[in-house]
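Trainee: Structure: start-v1.txt, compact mmCIF, C-alpha atoms and all ligand atoms.
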```txt
# COMPACT_ATOMS: atom_id res chain seq x y z
CA MET A 1 15.51 34.21 10.77
CA ILE A 2 12.71 32.16 9.21
CA ALA A 3 13.12 28.41 9.49
CA GLY A 4 13.69 26.77 6.17
CA THR A 5 15.26 29.70 4.38
CA THR A 6 18.87 29.32 5.46
CA GLN A 7 21.01 27.39 3.02
CA ILE A 8 22.70 24.57 4.89
CA PRO A 9 25.57 22.56 3.41
CA MET A 10 24.62 18.90 3.50
CA LYS A 11 25.59 15.54 2.10
CA ILE A 12 23.40 13.29 0.01
CA PHE A 13 24.51 9.66 -0.05
CA ILE A 14 24.15 7.95 -3.40
CA PRO A 15 23.48 4.19 -3.80
CA THR A 16 25.81 2.07 -5.94
CA PRO A 17 23.63 1.99 -9.12
CA LEU A 18 23.33 5.78 -9.29
CA ARG A 19 26.95 6.71 -8.65
CA GLN A 20 27.78 6.57 -12.35
CA TYR A 21 25.29 9.43 -12.85
CA ALA A 22 26.72 11.44 -9.95
CA GLY A 23 30.31 11.81 -11.11
CA LYS A 24 31.21 8.41 -9.62
CA GLN A 25 30.81 9.86 -6.13
CA ASP A 26 29.23 8.03 -3.22
CA ALA A 27 28.13 11.33 -1.69
CA VAL A 28 27.26 14.71 -3.19
CA GLU A 29 27.49 17.97 -1.25
CA VAL A 30 24.64 20.46 -1.76
CA GLN A 31 23.42 23.69 -0.19
CA ALA A 32 19.74 23.70 0.67
CA SER A 33 17.11 24.80 3.17
CA THR A 34 14.67 21.90 2.73
CA ILE A 35 14.79 18.27 1.58
CA ALA A 36 13.07 19.24 -1.68
CA GLY A 37 15.68 21.95 -2.20
CA ALA A 38 18.49 19.48 -1.59
CA LEU A 39 17.07 17.01 -4.10
CA SER A 40 16.52 19.66 -6.76
CA GLU A 41 20.07 20.92 -6.20
CA LEU A 42 21.33 17.36 -6.63
CA VAL A 43 19.42 16.85 -9.86
CA SER A 44 20.45 20.21 -11.29
CA SER A 45 24.13 19.52 -10.62
CA HIS A 46 23.81 15.94 -11.94
CA PRO A 47 20.98 16.01 -14.52
CA ASP A 48 21.52 12.37 -15.55
CA LEU A 49 20.17 11.32 -12.15
CA LYS A 50 16.75 12.75 -12.90
CA ARG A 51 15.22 9.92 -14.94
CA HIS A 52 16.49 7.38 -12.43
CA LEU A 53 14.87 9.14 -9.48
CA TYR A 54 11.70 10.57 -11.00
CA THR A 55 8.98 9.33 -13.34
CA ASP A 56 8.15 11.28 -16.52
CA ASP A 57 5.50 13.27 -14.66
CA GLY A 58 8.01 14.36 -12.06
CA LYS A 59 7.06 12.08 -9.17
CA LEU A 60 9.69 10.31 -7.12
CA ARG A 61 9.75 6.69 -8.30
CA ALA A 62 7.86 4.44 -5.90
CA PHE A 63 10.86 2.21 -5.16
CA VAL A 64 13.18 5.12 -4.34
CA ASN A 65 13.35 5.76 -0.60
CA ILE A 66 14.77 9.00 0.72
CA TYR A 67 15.96 9.06 4.30
CA LEU A 68 16.69 12.14 6.37
CA ASN A 69 19.20 10.71 8.82
CA ASP A 70 17.26 7.63 10.04
CA GLU A 71 13.77 8.78 9.07
CA ASP A 72 11.83 7.94 5.93
CA VAL A 73 10.94 11.30 4.36
CA ARG A 74 7.45 9.93 3.47
CA TYR A 75 6.67 9.72 7.18
CA LEU A 76 7.89 13.17 8.19
CA SER A 77 4.96 15.53 8.84
CA GLU A 78 6.25 18.08 6.33
CA LYS A 79 7.64 15.41 4.00
CA GLU A 80 9.96 16.95 1.37
CA GLN A 81 9.24 20.44 2.67
CA THR A 82 10.97 19.57 5.95
CA PRO A 83 13.66 22.15 6.73
CA VAL A 84 17.16 20.80 7.07
CA LYS A 85 19.62 21.73 9.77
CA ASN A 86 23.36 21.56 10.21
CA GLY A 87 24.69 18.04 10.25
CA ASP A 88 21.63 16.47 8.53
CA GLN A 89 22.29 13.80 5.97
CA LEU A 90 20.11 12.54 3.16
CA THR A 91 20.37 8.99 1.86
CA ILE A 92 18.86 7.68 -1.36
CA ILE A 93 18.10 3.99 -1.04
CA PRO A 94 16.18 1.95 -3.64
CA SER A 95 14.07 -0.81 -2.12
CA ILE A 96 15.00 -4.48 -1.91
CA ALA A 97 12.31 -7.11 -2.10
CA GLY A 98 11.09 -10.12 -4.02
CA GLY A 99 9.44 -13.47 -3.70
CA ASN A 100 8.12 -16.52 -5.42
CA CYS A 101 4.54 -15.45 -5.24
CA ILE A 102 3.17 -18.87 -6.11
CA LEU A 103 -0.27 -19.17 -4.64
CA MET B 1 30.94 -12.67 -12.89
CA LEU B 2 30.51 -12.58 -9.13
CA LYS B 3 33.52 -13.57 -7.08
CA MET B 4 32.71 -14.59 -3.53
CA GLY B 5 34.91 -15.58 -0.66
CA LYS B 6 34.39 -19.14 0.51
CA PHE B 7 33.42 -17.90 3.94
CA GLU B 8 30.83 -15.48 2.48
CA TYR B 9 29.46 -18.10 0.09
CA ASP B 10 28.99 -20.56 2.94
CA ALA B 11 27.45 -17.85 5.13
CA VAL B 12 24.81 -17.08 2.50
CA ARG B 13 23.88 -20.75 2.17
CA ARG B 14 23.90 -21.35 5.92
CA HIS B 15 21.60 -18.35 6.42
CA GLY B 16 19.05 -19.95 4.10
CA GLU B 17 19.19 -23.18 6.06
CA GLU B 18 18.75 -21.38 9.38
CA THR B 19 15.65 -19.46 8.32
CA TYR B 20 14.05 -22.40 6.49
CA PRO B 21 11.10 -22.72 5.80
CA HIS B 22 11.22 -18.92 5.58
CA GLU B 23 13.19 -16.86 3.09
CA CYS B 24 16.39 -15.28 4.33
CA CYS B 25 17.86 -12.10 2.89
CA GLY B 26 21.01 -10.06 3.15
CA VAL B 27 23.48 -7.75 1.47
CA LEU B 28 26.79 -8.44 -0.28
CA LEU B 29 29.52 -5.87 0.28
CA GLY B 30 32.69 -5.58 -1.72
CA HIS B 31 33.89 -3.76 -4.77
CA PRO B 32 33.58 -3.90 -8.53
CA ASP B 33 36.44 -5.39 -10.56
CA ASP B 34 37.13 -5.61 -14.29
CA GLN B 35 35.20 -8.87 -14.57
CA GLY B 36 32.18 -7.91 -12.47
CA ARG B 37 31.86 -7.75 -8.73
CA VAL B 38 33.75 -9.11 -5.75
CA ALA B 39 31.82 -9.89 -2.55
CA SER B 40 34.15 -9.91 0.43
CA LYS B 41 31.58 -9.44 3.18
CA THR B 42 27.96 -10.38 3.85
CA VAL B 43 25.46 -8.66 6.11
CA ARG B 44 22.41 -10.55 7.32
CA CYS B 45 19.16 -8.65 7.25
CA GLY B 46 15.81 -9.37 8.79
CA ASN B 47 12.95 -10.35 6.48
CA THR B 48 10.18 -7.85 7.22
CA ARG B 49 7.57 -9.88 5.31
CA SER B 50 6.24 -11.60 8.42
CA ASP B 51 2.87 -11.89 6.67
CA SER B 52 4.32 -14.27 4.07
CA PRO B 53 7.92 -15.13 4.99
CA HIS B 54 8.01 -18.47 3.14
CA ASN B 55 7.70 -16.90 -0.29
CA ARG B 56 8.37 -13.18 0.07
CA TYR B 57 11.26 -11.12 1.34
CA HIS B 58 11.76 -7.45 1.98
CA ILE B 59 14.62 -5.63 3.67
CA ALA B 60 13.65 -2.56 5.67
CA PRO B 61 15.06 0.51 3.90
CA GLN B 62 16.28 1.80 7.22
CA GLU B 63 18.38 -1.32 7.60
CA LEU B 64 19.80 -0.71 4.13
CA VAL B 65 20.64 2.88 5.04
CA ARG B 66 22.67 1.55 7.97
CA VAL B 67 24.35 -1.12 5.84
CA GLN B 68 25.27 1.43 3.16
CA ARG B 69 26.70 3.73 5.83
CA GLN B 70 28.69 0.89 7.40
CA ALA B 71 30.00 -0.18 3.99
CA ARG B 72 31.18 3.33 3.25
CA GLU B 73 33.03 3.54 6.56
CA GLU B 74 34.81 0.30 5.73
CA GLY B 75 35.71 1.41 2.21
CA LEU B 76 33.32 -1.11 0.68
CA GLU B 77 30.17 -0.73 -1.36
CA ILE B 78 26.95 -2.66 -1.85
CA VAL B 79 27.60 -5.00 -4.78
CA GLY B 80 24.59 -7.27 -4.43
CA PHE B 81 21.91 -8.97 -2.38
CA TYR B 82 20.99 -12.51 -1.54
CA HIS B 83 17.87 -14.41 -0.59
CA SER B 84 16.71 -18.00 -0.41
CA HIS B 85 13.97 -19.98 -2.12
CA PRO B 86 12.64 -22.56 0.35
CA ASP B 87 11.59 -25.68 -1.62
CA HIS B 88 11.77 -23.77 -4.86
CA PRO B 89 14.40 -23.60 -7.66
CA ALA B 90 17.28 -21.11 -7.53
CA ARG B 91 15.82 -19.04 -10.37
CA TRP B 92 14.42 -15.54 -10.16
CA SER B 93 10.66 -15.12 -10.12
CA GLN B 94 8.60 -12.40 -11.81
CA THR B 95 8.22 -10.78 -8.39
CA ASP B 96 11.98 -10.88 -7.87
CA PHE B 97 12.43 -9.15 -11.22
CA ALA B 98 9.68 -6.56 -10.74
CA GLU B 99 11.10 -5.62 -7.33
CA ALA B 100 14.78 -5.56 -8.36
CA HIS B 101 15.98 -1.97 -8.70
CA TRP B 102 19.71 -2.05 -8.01
CA ILE B 103 20.93 -2.01 -11.59
CA GLY B 104 24.54 -3.13 -11.83
CA CYS B 105 24.29 -5.33 -8.75
CA SER B 106 24.20 -9.12 -8.31
CA TYR B 107 21.12 -10.93 -7.00
CA VAL B 108 22.09 -14.26 -5.48
CA ILE B 109 19.43 -16.94 -4.93
CA THR B 110 19.93 -20.19 -3.03
CA SER B 111 17.44 -23.03 -3.25
CA VAL B 112 16.87 -24.69 0.11
CA ASP B 113 15.20 -28.08 -0.15
CA ARG B 114 13.78 -29.50 3.09
CA GLY B 115 16.19 -27.39 5.09
CA GLU B 116 19.31 -28.10 3.05
CA ALA B 117 20.98 -25.49 0.82
CA LYS B 118 21.26 -26.89 -2.70
CA ILE B 119 22.01 -24.60 -5.61
CA THR B 120 23.30 -21.03 -5.40
CA ASN B 121 22.93 -18.93 -8.56
CA SER B 122 23.61 -15.30 -9.27
CA PHE B 123 21.79 -12.96 -11.62
CA PHE B 124 23.22 -9.65 -12.72
CA LEU B 125 20.70 -6.83 -13.02
CA ALA B 126 21.74 -5.31 -16.34
CA GLY B 127 20.34 -2.37 -18.30
CA GLU B 128 20.30 1.40 -18.12
CA THR B 129 17.01 2.32 -16.49
CA GLU B 130 14.08 0.75 -14.70
CA GLU B 131 12.36 0.40 -18.10
CA SER B 132 15.25 -1.44 -19.80
CA LYS B 133 16.50 -3.56 -16.89
CA ARG B 134 16.96 -7.32 -17.30
CA PHE B 135 18.44 -10.21 -15.34
CA GLU B 136 21.45 -11.96 -16.86
CA ASP B 137 22.78 -15.27 -15.57
CA GLU B 138 26.23 -14.78 -14.15
CA LYS B 139 28.94 -17.12 -13.01
CA VAL B 140 29.71 -17.39 -9.29
CA VAL B 141 33.39 -18.00 -8.60
CA VAL B 142 34.19 -19.02 -5.04
CA THR B 143 37.70 -18.31 -3.82
CA GLU B 144 39.46 -18.19 -0.49
CA THR B 145 38.40 -15.02 1.32
CA ALA B 146 42.01 -14.06 2.11
CA ALA B 147 42.85 -14.04 -1.61
CA LEU B 148 39.96 -11.62 -2.25
CA ASN B 149 41.17 -9.21 0.39
CA GLU B 150 44.68 -9.27 -1.00
CA ALA B 151 43.38 -8.47 -4.47
CA ALA B 152 41.36 -5.59 -3.02
CA GLY B 153 44.21 -4.18 -0.96
ZN ZN C 1 13.11 -14.90 -4.99
```
Let me see whether you can do it: turn the structure in this file into structure tokens.
Ligand SMILES: [Zn+2]
Mentor:
Amino acid sequence: MIAGTTQIPMKIFIPTPLRQYAGKQDAVEVQASTIAGALSELVSSHPDLKRHLYTDDGKLRAFVNIYLNDEDVRYLSEKEQTPVKNGDQLTIIPSIAGGNCIL
Amino acid sequence: MLKMGKFEYDAVRRHGEETYPHECCGVLLGHPDDQGRVASKTVRCGNTRSDSPHNRYHIAPQELVRVQRQAREEGLEIVGFYHSHPDHPARWSQTDFAEAHWIGCSYVITSVDRGEAKITNSFFLAGETEESKRFEDEKVVVTETAALNEAAG
């Protein structure tokens, strides 16, 4: 069996602001072999999520963090092409920051 | 409108006093109600902006992942965030606005003057998308925490 081709059932956790575009669910179940596959499955089952997660040219918005379990997907060596395994969980988490920025 | 338990409201203000002259930050957990949001629990977070902690704050996403998971296990959800403005008014800044992405949540700001918590305001991040978001002033109603939990149960 080639790694990354088996479809694994997994949960994607949705942050509060995006639940209204995901059928009011706090988690969505998908079948996928990679992180990218899981995200595209999520967006195809809940198309309203797309513009909230991606820019017009299809890039993940800079403030949207995707975590595979406790790891930031940006820092995984294979990034979104990372194969998923049984029991993995994805979490979508927009960033939280601010400041007065008075110099 | 943001309803907060007295205990939670005091905890948010006390946190700002403790971290003064640095900004504090944290998460408000609770549930939405027909008038807005109810915050029945607060979670303190570390400010990762050690380069400029007096006028910037940032919560590590990994910490947020944990908080969101914990909230879910307790049947709560993230309804807002709080931070402090050391020696600065309790109004949002352009940076606060640019870096606010949790549409539908409350952003609570406490001014802390010379170590003492003064004014606590809340701003609701309204709008549909990142492009149409805006902050709206919202009322903070402080009630006894026990009453909030009864209403939720
Ligand atoms: Zn601020």
Trainee: At a cut-off of 12 Å from (12.2, 11.7, 6.3) in the coordinates of the file, what residues are picked up using all atoms listed in the file, written as number ranges by chain?
Mentor: A: 34-36, 65-84, 88-92; B: 61-62
Trainee: Can you write just those residues out, C-alpha atoms, as a PDB file, keeping the file's coordinate frame?
Mentor:
```pdb
ATOM      1  CA  THR A  34      14.670  21.900   2.730  1.00  0.00           C
ATOM      2  CA  ILE A  35      14.790  18.270   1.580  1.00  0.00           C
ATOM      3  CA  ALA A  36      13.070  19.240  -1.680  1.00  0.00           C
ATOM      4  CA  ASN A  65      13.350   5.760  -0.600  1.00  0.00           C
ATOM      5  CA  ILE A  66      14.770   9.000   0.720  1.00  0.00           C
ATOM      6  CA  TYR A  67      15.960   9.060   4.300  1.00  0.00           C
ATOM      7  CA  LEU A  68      16.690  12.140   6.370  1.00  0.00           C
ATOM      8  CA  ASN A  69      19.200  10.710   8.820  1.00  0.00           C
ATOM      9  CA  ASP A  70      17.260   7.630  10.040  1.00  0.00           C
ATOM     10  CA  GLU A  71      13.770   8.780   9.070  1.00  0.00           C
ATOM     11  CA  ASP A  72      11.830   7.940   5.930  1.00  0.00           C
ATOM     12  CA  VAL A  73      10.940  11.300   4.360  1.00  0.00           C
ATOM     13  CA  ARG A  74       7.450   9.930   3.470  1.00  0.00           C
ATOM     14  CA  TYR A  75       6.670   9.720   7.180  1.00  0.00           C
ATOM     15  CA  LEU A  76       7.890  13.170   8.190  1.00  0.00           C
ATOM     16  CA  SER A  77       4.960  15.530   8.840  1.00  0.00           C
ATOM     17  CA  GLU A  78       6.250  18.080   6.330  1.00  0.00           C
ATOM     18  CA  LYS A  79       7.640  15.410   4.000  1.00  0.00           C
ATOM     19  CA  GLU A  80       9.960  16.950   1.370  1.00  0.00           C
ATOM     20  CA  GLN A  81       9.240  20.440   2.670  1.00  0.00           C
ATOM     21  CA  THR A  82      10.970  19.570   5.950  1.00  0.00           C
ATOM     22  CA  PRO A  83      13.660  22.150   6.730  1.00  0.00           C
ATOM     23  CA  VAL A  84      17.160  20.800   7.070  1.00  0.00           C
ATOM     24  CA  ASP A  88      21.630  16.470   8.530  1.00  0.00           C
ATOM     25  CA  GLN A  89      22.290  13.800   5.970  1.00  0.00           C
ATOM     26  CA  LEU A  90      20.110  12.540   3.160  1.00  0.00           C
ATOM     27  CA  THR A  91      20.370   8.990   1.860  1.00  0.00           C
ATOM     28  CA  ILE A  92      18.860   7.680  -1.360  1.00  0.00           C
TER      29      ILE A  92
ATOM     30  CA  PRO B  61      15.060   0.510   3.900  1.00  0.00           C
ATOM     31  CA  GLN B  62      16.280   1.800   7.220  1.00  0.00           C
TER      32      GLN B  62
END
```
Trainee: Kindly provide, as number ranges by chain, all nucleotide and amino acid residues lying within 12 Å of ligand ZN 1 (chain C), counting all atoms listed in the file.
Mentor: A: 96-102; B: 16, 22-25, 53-58, 81-100, 107-112, 120-123
Trainee: I want to know what sits within 10 Å of segment 2-14 of chain B, based on only C-alpha atoms, with residues of the same chain fewer than 6 positions away left out; could you give that as a PDB file with C-alpha atoms, in the frame of the given file?
Mentor:
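The result, written out as around.pdb:
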```pdb
ATOM      1  CA  TYR B  20      14.050 -22.400   6.490  1.00  0.00           C
ATOM      2  CA  CYS B  24      16.390 -15.280   4.330  1.00  0.00           C
ATOM      3  CA  CYS B  25      17.860 -12.100   2.890  1.00  0.00           C
ATOM      4  CA  GLY B  26      21.010 -10.060   3.150  1.00  0.00           C
ATOM      5  CA  VAL B  27      23.480  -7.750   1.470  1.00  0.00           C
ATOM      6  CA  LEU B  28      26.790  -8.440  -0.280  1.00  0.00           C
ATOM      7  CA  LEU B  29      29.520  -5.870   0.280  1.00  0.00           C
ATOM      8  CA  GLY B  30      32.690  -5.580  -1.720  1.00  0.00           C
ATOM      9  CA  PRO B  32      33.580  -3.900  -8.530  1.00  0.00           C
ATOM     10  CA  ASP B  33      36.440  -5.390 -10.560  1.00  0.00           C
ATOM     11  CA  GLN B  35      35.200  -8.870 -14.570  1.00  0.00           C
ATOM     12  CA  GLY B  36      32.180  -7.910 -12.470  1.00  0.00           C
ATOM     13  CA  ARG B  37      31.860  -7.750  -8.730  1.00  0.00           C
ATOM     14  CA  VAL B  38      33.750  -9.110  -5.750  1.00  0.00           C
ATOM     15  CA  ALA B  39      31.820  -9.890  -2.550  1.00  0.00           C
ATOM     16  CA  SER B  40      34.150  -9.910   0.430  1.00  0.00           C
ATOM     17  CA  LYS B  41      31.580  -9.440   3.180  1.00  0.00           C
ATOM     18  CA  THR B  42      27.960 -10.380   3.850  1.00  0.00           C
ATOM     19  CA  VAL B  43      25.460  -8.660   6.110  1.00  0.00           C
ATOM     20  CA  ARG B  44      22.410 -10.550   7.320  1.00  0.00           C
ATOM     21  CA  VAL B  79      27.600  -5.000  -4.780  1.00  0.00           C
ATOM     22  CA  GLY B  80      24.590  -7.270  -4.430  1.00  0.00           C
ATOM     23  CA  PHE B  81      21.910  -8.970  -2.380  1.00  0.00           C
ATOM     24  CA  TYR B  82      20.990 -12.510  -1.540  1.00  0.00           C
ATOM     25  CA  HIS B  83      17.870 -14.410  -0.590  1.00  0.00           C
ATOM     26  CA  SER B  84      16.710 -18.000  -0.410  1.00  0.00           C
ATOM     27  CA  CYS B 105      24.290  -5.330  -8.750  1.00  0.00           C
ATOM     28  CA  SER B 106      24.200  -9.120  -8.310  1.00  0.00           C
ATOM     29  CA  TYR B 107      21.120 -10.930  -7.000  1.00  0.00           C
ATOM     30  CA  VAL B 108      22.090 -14.260  -5.480  1.00  0.00           C
ATOM     31  CA  ILE B 109      19.430 -16.940  -4.930  1.00  0.00           C
ATOM     32  CA  THR B 110      19.930 -20.190  -3.030  1.00  0.00           C
ATOM     33  CA  SER B 111      17.440 -23.030  -3.250  1.00  0.00           C
ATOM     34  CA  VAL B 112      16.870 -24.690   0.110  1.00  0.00           C
ATOM     35  CA  GLY B 115      16.190 -27.390   5.090  1.00  0.00           C
ATOM     36  CA  GLU B 116      19.310 -28.100   3.050  1.00  0.00           C
ATOM     37  CA  ALA B 117      20.980 -25.490   0.820  1.00  0.00           C
ATOM     38  CA  LYS B 118      21.260 -26.890  -2.700  1.00  0.00           C
ATOM     39  CA  ILE B 119      22.010 -24.600  -5.610  1.00  0.00           C
ATOM     40  CA  THR B 120      23.300 -21.030  -5.400  1.00  0.00           C
ATOM     41  CA  ASN B 121      22.930 -18.930  -8.560  1.00  0.00           C
ATOM     42  CA  SER B 122      23.610 -15.300  -9.270  1.00  0.00           C
ATOM     43  CA  PHE B 123      21.790 -12.960 -11.620  1.00  0.00           C
ATOM     44  CA  PHE B 124      23.220  -9.650 -12.720  1.00  0.00           C
ATOM     45  CA  GLU B 138      26.230 -14.780 -14.150  1.00  0.00           C
ATOM     46  CA  LYS B 139      28.940 -17.120 -13.010  1.00  0.00           C
ATOM     47  CA  VAL B 140      29.710 -17.390  -9.290  1.00  0.00           C
ATOM     48  CA  VAL B 141      33.390 -18.000  -8.600  1.00  0.00           C
ATOM     49  CA  VAL B 142      34.190 -19.020  -5.040  1.00  0.00           C
ATOM     50  CA  THR B 143      37.700 -18.310  -3.820  1.00  0.00           C
ATOM     51  CA  GLU B 144      39.460 -18.190  -0.490  1.00  0.00           C
ATOM     52  CA  THR B 145      38.400 -15.020   1.320  1.00  0.00           C
ATOM     53  CA  ALA B 146      42.010 -14.060   2.110  1.00  0.00           C
ATOM     54  CA  ALA B 147      42.850 -14.040  -1.610  1.00  0.00           C
ATOM     55  CA  LEU B 148      39.960 -11.620  -2.250  1.00  0.00           C
ATOM     56  CA  ASN B 149      41.170  -9.210   0.390  1.00  0.00           C
TER      57      ASN B 149
END
```
Trainee: Quick one: residues within 12 Å of Arg51 of chain A, all atoms listed in the file counted, chain neighbours fewer than 5 positions away excluded, as a list in words?
Mentor: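 Once the nearby chain positions are removed, what remains is Leu18, Tyr21, Val43, His46, Asp56, Asp57, Gly58, Lys59, Leu60, Arg61 and Val64 of chain A; Glu128, Thr129, Glu130 and Glu131 of chain B.
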Trainee: Restricting the calculation to only C-alpha atoms, which member of A:Thr55, A:Thr6, A:Asn86, A:Ser45 is positioned closest to chain B?
Mentor: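 Ranking A:Thr55, A:Thr6, A:Asn86, A:Ser45 by distance to chain B, first place goes to A:Thr55.
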Trainee: Kindly give the distance, in Å, that separates atom CA of Ile12 of chain A and atom CA of Ile59 of chain B, rounded to a single decimal.
Mentor: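 If I compute the distance from atom CA of Ile12 of chain A to atom CA of Ile59 of chain B, I get 21.2 Å.
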